[in-house]
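**Q** coords.cif is the file, holding mmCIF, N, CA, C and O atoms:
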```cif
data_upload
#
loop_
_atom_site.label_atom_id
_atom_site.label_comp_id
_atom_site.auth_asym_id
_atom_site.auth_seq_id
_atom_site.Cartn_x
_atom_site.Cartn_y
_atom_site.Cartn_z
N MET A 1 -6.30 -14.77 6.44
CA MET A 1 -6.36 -13.33 6.30
C MET A 1 -5.25 -12.89 5.34
O MET A 1 -4.08 -13.06 5.63
N PRO A 2 -5.60 -12.35 4.17
CA PRO A 2 -4.58 -11.83 3.26
C PRO A 2 -4.01 -10.52 3.78
O PRO A 2 -4.73 -9.70 4.35
N LEU A 3 -2.71 -10.34 3.58
CA LEU A 3 -2.02 -9.10 3.94
C LEU A 3 -1.33 -8.58 2.70
O LEU A 3 -0.47 -9.26 2.13
N ILE A 4 -1.68 -7.37 2.28
CA ILE A 4 -1.07 -6.72 1.14
C ILE A 4 -0.20 -5.60 1.66
O ILE A 4 -0.67 -4.72 2.38
N GLN A 5 1.09 -5.64 1.30
CA GLN A 5 2.04 -4.65 1.78
C GLN A 5 2.53 -3.81 0.59
O GLN A 5 2.98 -4.35 -0.41
N ILE A 6 2.45 -2.50 0.75
CA ILE A 6 2.88 -1.58 -0.29
C ILE A 6 3.98 -0.70 0.28
O ILE A 6 3.78 -0.02 1.28
N SER A 7 5.14 -0.72 -0.37
CA SER A 7 6.24 0.17 -0.01
C SER A 7 6.28 1.27 -1.06
O SER A 7 6.18 1.00 -2.26
N GLN A 8 6.45 2.51 -0.61
CA GLN A 8 6.41 3.64 -1.52
C GLN A 8 7.28 4.77 -1.00
O GLN A 8 7.62 4.80 0.18
N THR A 9 7.66 5.68 -1.90
CA THR A 9 8.35 6.87 -1.45
C THR A 9 7.32 7.77 -0.76
O THR A 9 6.14 7.73 -1.09
N PRO A 10 7.76 8.57 0.20
CA PRO A 10 6.83 9.45 0.91
C PRO A 10 6.22 10.49 -0.03
O PRO A 10 6.77 10.81 -1.07
N GLY A 11 5.06 10.99 0.36
CA GLY A 11 4.47 12.08 -0.40
C GLY A 11 2.96 12.04 -0.51
O GLY A 11 2.35 13.06 -0.82
N LEU A 12 2.34 10.88 -0.28
CA LEU A 12 0.89 10.84 -0.36
C LEU A 12 0.26 11.50 0.87
O LEU A 12 0.79 11.40 1.98
N THR A 13 -0.86 12.15 0.65
CA THR A 13 -1.60 12.73 1.77
C THR A 13 -2.35 11.60 2.50
O THR A 13 -2.49 10.49 1.98
N ILE A 14 -2.86 11.91 3.66
CA ILE A 14 -3.65 10.93 4.40
C ILE A 14 -4.87 10.51 3.58
O ILE A 14 -5.22 9.33 3.53
N GLU A 15 -5.49 11.46 2.89
CA GLU A 15 -6.65 11.14 2.06
C GLU A 15 -6.27 10.19 0.93
O GLU A 15 -7.01 9.26 0.61
N GLN A 16 -5.11 10.41 0.30
CA GLN A 16 -4.65 9.52 -0.77
C GLN A 16 -4.34 8.13 -0.24
O GLN A 16 -4.63 7.13 -0.90
N LYS A 17 -3.76 8.07 0.95
CA LYS A 17 -3.48 6.77 1.56
C LYS A 17 -4.77 6.02 1.86
O LYS A 17 -4.88 4.82 1.59
N ARG A 18 -5.75 6.71 2.38
CA ARG A 18 -7.04 6.08 2.66
C ARG A 18 -7.69 5.56 1.39
O ARG A 18 -8.23 4.46 1.34
N ALA A 19 -7.64 6.39 0.33
CA ALA A 19 -8.22 5.98 -0.95
C ALA A 19 -7.48 4.78 -1.53
O ALA A 19 -8.11 3.87 -2.10
N THR A 20 -6.18 4.74 -1.38
CA THR A 20 -5.38 3.62 -1.86
C THR A 20 -5.75 2.35 -1.12
O THR A 20 -5.97 1.29 -1.75
N ILE A 21 -5.82 2.41 0.18
CA ILE A 21 -6.18 1.24 0.99
C ILE A 21 -7.57 0.74 0.59
O ILE A 21 -7.78 -0.46 0.41
N GLU A 22 -8.51 1.65 0.42
CA GLU A 22 -9.87 1.27 0.03
C GLU A 22 -9.88 0.60 -1.34
O GLU A 22 -10.51 -0.45 -1.54
N ALA A 23 -9.18 1.19 -2.31
CA ALA A 23 -9.18 0.66 -3.67
C ALA A 23 -8.48 -0.69 -3.76
O ALA A 23 -8.97 -1.60 -4.45
N VAL A 24 -7.36 -0.84 -3.07
CA VAL A 24 -6.64 -2.11 -3.09
C VAL A 24 -7.47 -3.21 -2.44
O VAL A 24 -7.56 -4.33 -2.94
N THR A 25 -8.09 -2.88 -1.33
CA THR A 25 -8.95 -3.85 -0.63
C THR A 25 -10.08 -4.30 -1.54
O THR A 25 -10.35 -5.50 -1.68
N LYS A 26 -10.75 -3.34 -2.16
CA LYS A 26 -11.88 -3.66 -3.04
C LYS A 26 -11.43 -4.52 -4.22
O LYS A 26 -12.08 -5.52 -4.54
N ALA A 27 -10.33 -4.14 -4.86
CA ALA A 27 -9.84 -4.89 -6.02
C ALA A 27 -9.47 -6.32 -5.65
O ALA A 27 -9.82 -7.27 -6.36
N TYR A 28 -8.78 -6.48 -4.53
CA TYR A 28 -8.38 -7.83 -4.10
C TYR A 28 -9.60 -8.68 -3.76
O TYR A 28 -9.69 -9.83 -4.17
N ALA A 29 -10.53 -8.10 -3.03
CA ALA A 29 -11.73 -8.84 -2.63
C ALA A 29 -12.54 -9.26 -3.86
O ALA A 29 -13.03 -10.39 -3.94
N GLU A 30 -12.67 -8.36 -4.82
CA GLU A 30 -13.41 -8.69 -6.05
C GLU A 30 -12.70 -9.78 -6.86
O GLU A 30 -13.33 -10.67 -7.40
N ALA A 31 -11.38 -9.71 -6.94
CA ALA A 31 -10.62 -10.67 -7.75
C ALA A 31 -10.57 -12.05 -7.13
O ALA A 31 -10.50 -13.05 -7.83
N THR A 32 -10.62 -12.11 -5.79
CA THR A 32 -10.43 -13.39 -5.11
C THR A 32 -11.70 -13.93 -4.45
O THR A 32 -11.72 -15.08 -4.02
N GLY A 33 -12.72 -13.09 -4.34
CA GLY A 33 -13.93 -13.51 -3.65
C GLY A 33 -13.80 -13.49 -2.13
O GLY A 33 -14.67 -13.99 -1.42
N LYS A 34 -12.72 -12.90 -1.64
CA LYS A 34 -12.52 -12.79 -0.18
C LYS A 34 -13.41 -11.70 0.39
O LYS A 34 -13.80 -10.75 -0.28
N ASN A 35 -13.70 -11.84 1.68
CA ASN A 35 -14.46 -10.83 2.41
C ASN A 35 -13.55 -9.61 2.61
O ASN A 35 -12.49 -9.73 3.22
N PRO A 36 -13.94 -8.42 2.13
CA PRO A 36 -13.10 -7.23 2.29
C PRO A 36 -12.75 -6.93 3.75
O PRO A 36 -11.69 -6.37 4.03
N ALA A 37 -13.62 -7.32 4.67
CA ALA A 37 -13.37 -7.06 6.10
C ALA A 37 -12.18 -7.87 6.61
O ALA A 37 -11.66 -7.57 7.69
N GLN A 38 -11.75 -8.87 5.85
CA GLN A 38 -10.64 -9.71 6.28
C GLN A 38 -9.35 -9.40 5.52
O GLN A 38 -8.35 -10.09 5.70
N VAL A 39 -9.37 -8.39 4.66
CA VAL A 39 -8.19 -8.02 3.88
C VAL A 39 -7.44 -6.91 4.60
O VAL A 39 -8.00 -5.87 4.91
N TRP A 40 -6.16 -7.16 4.87
CA TRP A 40 -5.31 -6.18 5.53
C TRP A 40 -4.40 -5.54 4.49
O TRP A 40 -3.87 -6.21 3.62
N VAL A 41 -4.22 -4.22 4.60
CA VAL A 41 -3.33 -3.49 3.70
C VAL A 41 -2.44 -2.60 4.56
O VAL A 41 -2.93 -1.91 5.46
N THR A 42 -1.14 -2.64 4.29
CA THR A 42 -0.22 -1.72 4.96
C THR A 42 0.48 -0.87 3.92
O THR A 42 0.83 -1.35 2.85
N LEU A 43 0.67 0.40 4.23
CA LEU A 43 1.45 1.31 3.40
C LEU A 43 2.68 1.71 4.21
O LEU A 43 2.55 2.18 5.34
N THR A 44 3.84 1.53 3.63
CA THR A 44 5.08 1.89 4.31
C THR A 44 5.80 2.94 3.48
O THR A 44 6.15 2.69 2.32
N ASP A 45 6.01 4.11 4.07
CA ASP A 45 6.78 5.16 3.41
C ASP A 45 8.27 4.88 3.63
O ASP A 45 8.73 4.81 4.77
N VAL A 46 8.99 4.72 2.53
CA VAL A 46 10.42 4.44 2.59
C VAL A 46 11.13 5.66 1.99
O VAL A 46 10.86 6.05 0.85
N PRO A 47 12.05 6.28 2.76
CA PRO A 47 12.75 7.45 2.23
C PRO A 47 13.45 7.14 0.91
O PRO A 47 13.93 6.04 0.68
N ARG A 48 13.50 8.14 0.03
CA ARG A 48 14.10 7.95 -1.30
C ARG A 48 15.53 7.44 -1.22
O ARG A 48 15.96 6.67 -2.08
N GLU A 49 16.27 7.83 -0.20
CA GLU A 49 17.67 7.38 -0.10
C GLU A 49 17.78 5.89 0.21
O GLU A 49 18.86 5.31 0.12
N ASN A 50 16.67 5.26 0.56
CA ASN A 50 16.66 3.82 0.82
C ASN A 50 16.15 3.01 -0.36
O ASN A 50 15.94 1.81 -0.25
N TRP A 51 15.95 3.66 -1.51
CA TRP A 51 15.49 2.99 -2.71
C TRP A 51 16.61 2.98 -3.75
O TRP A 51 17.41 3.91 -3.84
N GLY A 52 16.62 1.96 -4.57
CA GLY A 52 17.51 1.91 -5.71
C GLY A 52 16.81 1.22 -6.86
O GLY A 52 16.07 0.27 -6.67
N VAL A 53 17.03 1.71 -8.07
CA VAL A 53 16.43 1.12 -9.26
C VAL A 53 17.55 0.92 -10.28
O VAL A 53 18.27 1.88 -10.60
N GLY A 54 17.71 -0.29 -10.74
CA GLY A 54 18.74 -0.57 -11.72
C GLY A 54 20.14 -0.32 -11.20
O GLY A 54 21.03 0.05 -11.96
N GLY A 55 20.32 -0.48 -9.91
CA GLY A 55 21.62 -0.26 -9.31
C GLY A 55 21.93 1.19 -8.98
O GLY A 55 23.04 1.52 -8.55
N VAL A 56 20.97 2.05 -9.17
CA VAL A 56 21.18 3.49 -8.93
C VAL A 56 20.29 3.94 -7.78
O VAL A 56 19.08 3.76 -7.84
N PRO A 57 20.87 4.54 -6.73
CA PRO A 57 20.06 5.07 -5.62
C PRO A 57 19.17 6.22 -6.11
O PRO A 57 19.57 7.00 -6.96
N LEU A 58 17.95 6.28 -5.56
CA LEU A 58 17.03 7.35 -5.91
C LEU A 58 17.30 8.63 -5.12
O LEU A 58 16.96 9.71 -5.58
N GLY A 59 17.87 8.49 -3.95
CA GLY A 59 18.06 9.66 -3.10
C GLY A 59 19.46 10.20 -3.14
O GLY A 59 20.36 9.68 -3.70
#
```
Hey, can you dump this file as structure tokens for me?

**A**
Amino acid sequence: MPLIQISQTPGLTIEQKRATIEAVTKAYAEATGKNPAQVWVTLTDVPRENWGVGGVPLG
């Protein structure tokens, strides 16, 4: 069972999260030939203050 984990800053609506999960599942299944029913996707909202890019905090 493949597990795809996405960490992101908060802000997507529930509808956007659902669309993201659907699109990622479809793309992975098409690329690998896996059964979409066996592809797991998690979205984790991480507060901006817990992110850093290039050594600089985002929050």

**Q** Do you know which residues are at most 10 Å from Glu49 (chain A) counting only C-alpha atoms, after dropping those on the same chain fewer than 6 positions away, and could you put them as a PDB file with N, CA, C and O atoms, in the coordinates of the input?

**A**
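What landed in selection29.pdb:
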```pdb
ATOM      1  N   THR A   9       7.660   5.680  -1.900  1.00  0.00           N
ATOM      2  CA  THR A   9       8.350   6.870  -1.450  1.00  0.00           C
ATOM      3  C   THR A   9       7.320   7.770  -0.760  1.00  0.00           C
ATOM      4  O   THR A   9       6.140   7.730  -1.090  1.00  0.00           O
ATOM      5  N   PRO A  57      20.870   4.540  -6.730  1.00  0.00           N
ATOM      6  CA  PRO A  57      20.060   5.070  -5.620  1.00  0.00           C
ATOM      7  C   PRO A  57      19.170   6.220  -6.110  1.00  0.00           C
ATOM      8  O   PRO A  57      19.570   7.000  -6.960  1.00  0.00           O
ATOM      9  N   LEU A  58      17.950   6.280  -5.560  1.00  0.00           N
ATOM     10  CA  LEU A  58      17.030   7.350  -5.910  1.00  0.00           C
ATOM     11  C   LEU A  58      17.300   8.630  -5.120  1.00  0.00           C
ATOM     12  O   LEU A  58      16.960   9.710  -5.580  1.00  0.00           O
ATOM     13  N   GLY A  59      17.870   8.490  -3.950  1.00  0.00           N
ATOM     14  CA  GLY A  59      18.060   9.660  -3.100  1.00  0.00           C
ATOM     15  C   GLY A  59      19.460  10.200  -3.140  1.00  0.00           C
ATOM     16  O   GLY A  59      20.360   9.680  -3.700  1.00  0.00           O
TER      17      GLY A  59
END
```

**Q** Which distance in Å separates CA of Gly11 (chain A) and CA of Gly55 (chain A), to one decimal?

**A**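 Distance reported for this atom pair: 22.9 Å.
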
**Q** The PyMOL selection byres ((chain A and resi 6-8) around 4.5) - which residues does that actually catch in the file I just gave you? List them as an MDAnalysis selection string.

**A** chainID A and resid 4:5 9:10 42:46

**Q** From a DSSP pass on the backbone, collect the residues of chain A flagged as helix (DSSP H, G or I) and hand them back as a list of chain:residue names.

**A**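 Checking each residue of chain A, the helix (DSSP H, G or I) ones are A:Ile14, A:Glu15, A:Gln16, A:Lys17, A:Arg18, A:Ala19, A:Thr20, A:Ile21, A:Glu22, A:Ala23, A:Val24, A:Thr25, A:Lys26, A:Ala27, A:Tyr28, A:Ala29, A:Glu30, A:Ala31, A:Thr32, A:Pro36, A:Ala37, A:Gln38, A:Arg48, A:Glu49, A:Asn50.
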
**Q** For Leu3 (chain A), find every residue with an atom within 6 Å (counting only N, CA, C and O atoms), except residues of its own chain fewer than 6 positions away, and show them as a list in words.

**A**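 Residues near the query, excluding close chain neighbours: Val39, Trp40 and Val41 of chain A.
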
**Q** Can you rebuild region 44-55 of chain A with all heavy atoms and give it as a PDB file, keeping the file's coordinate frame?

**A**
```pdb
ATOM      1  N   THR A  44       3.840   1.530   3.630  1.00  0.00           N
ATOM      2  CA  THR A  44       5.080   1.890   4.310  1.00  0.00           C
ATOM      3  C   THR A  44       5.800   2.940   3.480  1.00  0.00           C
ATOM      4  O   THR A  44       6.150   2.690   2.320  1.00  0.00           O
ATOM      5  CB  THR A  44       5.982   0.657   4.490  1.00  0.00           C
ATOM      6  OG1 THR A  44       5.260  -0.342   5.212  1.00  0.00           O
ATOM      7  CG2 THR A  44       7.245   1.005   5.242  1.00  0.00           C
ATOM      8  N   ASP A  45       6.010   4.110   4.070  1.00  0.00           N
ATOM      9  CA  ASP A  45       6.780   5.160   3.410  1.00  0.00           C
ATOM     10  C   ASP A  45       8.270   4.880   3.630  1.00  0.00           C
ATOM     11  O   ASP A  45       8.730   4.810   4.770  1.00  0.00           O
ATOM     12  CB  ASP A  45       6.419   6.533   3.957  1.00  0.00           C
ATOM     13  CG  ASP A  45       5.033   6.993   3.537  1.00  0.00           C
ATOM     14  OD1 ASP A  45       4.535   6.516   2.509  1.00  0.00           O
ATOM     15  OD2 ASP A  45       4.454   7.843   4.234  1.00  0.00           O
ATOM     16  N   VAL A  46       8.990   4.720   2.530  1.00  0.00           N
ATOM     17  CA  VAL A  46      10.420   4.440   2.590  1.00  0.00           C
ATOM     18  C   VAL A  46      11.130   5.660   1.990  1.00  0.00           C
ATOM     19  O   VAL A  46      10.860   6.050   0.850  1.00  0.00           O
ATOM     20  CB  VAL A  46      10.761   3.173   1.773  1.00  0.00           C
ATOM     21  CG1 VAL A  46      12.250   2.901   1.822  1.00  0.00           C
ATOM     22  CG2 VAL A  46       9.968   1.978   2.287  1.00  0.00           C
ATOM     23  N   PRO A  47      12.050   6.280   2.760  1.00  0.00           N
ATOM     24  CA  PRO A  47      12.750   7.450   2.230  1.00  0.00           C
ATOM     25  C   PRO A  47      13.450   7.140   0.910  1.00  0.00           C
ATOM     26  O   PRO A  47      13.930   6.040   0.680  1.00  0.00           O
ATOM     27  CB  PRO A  47      13.783   7.767   3.324  1.00  0.00           C
ATOM     28  CG  PRO A  47      13.236   7.141   4.565  1.00  0.00           C
ATOM     29  CD  PRO A  47      12.482   5.921   4.100  1.00  0.00           C
ATOM     30  N   ARG A  48      13.500   8.140   0.030  1.00  0.00           N
ATOM     31  CA  ARG A  48      14.100   7.950  -1.300  1.00  0.00           C
ATOM     32  C   ARG A  48      15.530   7.440  -1.220  1.00  0.00           C
ATOM     33  O   ARG A  48      15.960   6.670  -2.080  1.00  0.00           O
ATOM     34  CB  ARG A  48      14.058   9.264  -2.087  1.00  0.00           C
ATOM     35  CG  ARG A  48      12.640   9.677  -2.462  1.00  0.00           C
ATOM     36  CD  ARG A  48      12.646  10.922  -3.326  1.00  0.00           C
ATOM     37  NE  ARG A  48      13.259  10.715  -4.630  1.00  0.00           N
ATOM     38  CZ  ARG A  48      12.665  10.163  -5.683  1.00  0.00           C
ATOM     39  NH1 ARG A  48      11.426   9.751  -5.583  1.00  0.00           N
ATOM     40  NH2 ARG A  48      13.297  10.038  -6.830  1.00  0.00           N
ATOM     41  N   GLU A  49      16.270   7.830  -0.200  1.00  0.00           N
ATOM     42  CA  GLU A  49      17.670   7.380  -0.100  1.00  0.00           C
ATOM     43  C   GLU A  49      17.780   5.890   0.210  1.00  0.00           C
ATOM     44  O   GLU A  49      18.860   5.310   0.120  1.00  0.00           O
ATOM     45  CB  GLU A  49      18.454   8.192   0.950  1.00  0.00           C
ATOM     46  CG  GLU A  49      17.934   8.076   2.360  1.00  0.00           C
ATOM     47  CD  GLU A  49      16.936   9.150   2.748  1.00  0.00           C
ATOM     48  OE1 GLU A  49      16.406   9.852   1.864  1.00  0.00           O
ATOM     49  OE2 GLU A  49      16.683   9.287   3.959  1.00  0.00           O
ATOM     50  N   ASN A  50      16.670   5.260   0.560  1.00  0.00           N
ATOM     51  CA  ASN A  50      16.660   3.820   0.820  1.00  0.00           C
ATOM     52  C   ASN A  50      16.150   3.010  -0.360  1.00  0.00           C
ATOM     53  O   ASN A  50      15.940   1.810  -0.250  1.00  0.00           O
ATOM     54  CB  ASN A  50      15.799   3.511   2.057  1.00  0.00           C
ATOM     55  CG  ASN A  50      16.410   4.047   3.330  1.00  0.00           C
ATOM     56  OD1 ASN A  50      17.550   4.475   3.360  1.00  0.00           O
ATOM     57  ND2 ASN A  50      15.638   4.046   4.391  1.00  0.00           N
ATOM     58  N   TRP A  51      15.950   3.660  -1.510  1.00  0.00           N
ATOM     59  CA  TRP A  51      15.490   2.990  -2.710  1.00  0.00           C
ATOM     60  C   TRP A  51      16.610   2.980  -3.750  1.00  0.00           C
ATOM     61  O   TRP A  51      17.410   3.910  -3.840  1.00  0.00           O
ATOM     62  CB  TRP A  51      14.311   3.747  -3.354  1.00  0.00           C
ATOM     63  CG  TRP A  51      13.015   3.604  -2.648  1.00  0.00           C
ATOM     64  CD1 TRP A  51      12.528   4.438  -1.671  1.00  0.00           C
ATOM     65  CD2 TRP A  51      12.015   2.618  -2.864  1.00  0.00           C
ATOM     66  NE1 TRP A  51      11.280   4.019  -1.275  1.00  0.00           N
ATOM     67  CE2 TRP A  51      10.940   2.896  -1.987  1.00  0.00           C
ATOM     68  CE3 TRP A  51      11.910   1.517  -3.705  1.00  0.00           C
ATOM     69  CZ2 TRP A  51       9.790   2.123  -1.941  1.00  0.00           C
ATOM     70  CZ3 TRP A  51      10.767   0.751  -3.654  1.00  0.00           C
ATOM     71  CH2 TRP A  51       9.728   1.067  -2.781  1.00  0.00           C
ATOM     72  N   GLY A  52      16.620   1.960  -4.570  1.00  0.00           N
ATOM     73  CA  GLY A  52      17.510   1.910  -5.710  1.00  0.00           C
ATOM     74  C   GLY A  52      16.810   1.220  -6.860  1.00  0.00           C
ATOM     75  O   GLY A  52      16.070   0.270  -6.670  1.00  0.00           O
ATOM     76  N   VAL A  53      17.030   1.710  -8.070  1.00  0.00           N
ATOM     77  CA  VAL A  53      16.430   1.120  -9.260  1.00  0.00           C
ATOM     78  C   VAL A  53      17.550   0.920 -10.280  1.00  0.00           C
ATOM     79  O   VAL A  53      18.270   1.880 -10.600  1.00  0.00           O
ATOM     80  CB  VAL A  53      15.318   2.014  -9.856  1.00  0.00           C
ATOM     81  CG1 VAL A  53      14.749   1.406 -11.124  1.00  0.00           C
ATOM     82  CG2 VAL A  53      14.216   2.238  -8.839  1.00  0.00           C
ATOM     83  N   GLY A  54      17.710  -0.290 -10.740  1.00  0.00           N
ATOM     84  CA  GLY A  54      18.740  -0.570 -11.720  1.00  0.00           C
ATOM     85  C   GLY A  54      20.140  -0.320 -11.200  1.00  0.00           C
ATOM     86  O   GLY A  54      21.030   0.050 -11.960  1.00  0.00           O
ATOM     87  N   GLY A  55      20.320  -0.480  -9.910  1.00  0.00           N
ATOM     88  CA  GLY A  55      21.620  -0.260  -9.310  1.00  0.00           C
ATOM     89  C   GLY A  55      21.930   1.190  -8.980  1.00  0.00           C
ATOM     90  O   GLY A  55      23.040   1.520  -8.550  1.00  0.00           O
TER      91      GLY A  55
END
```
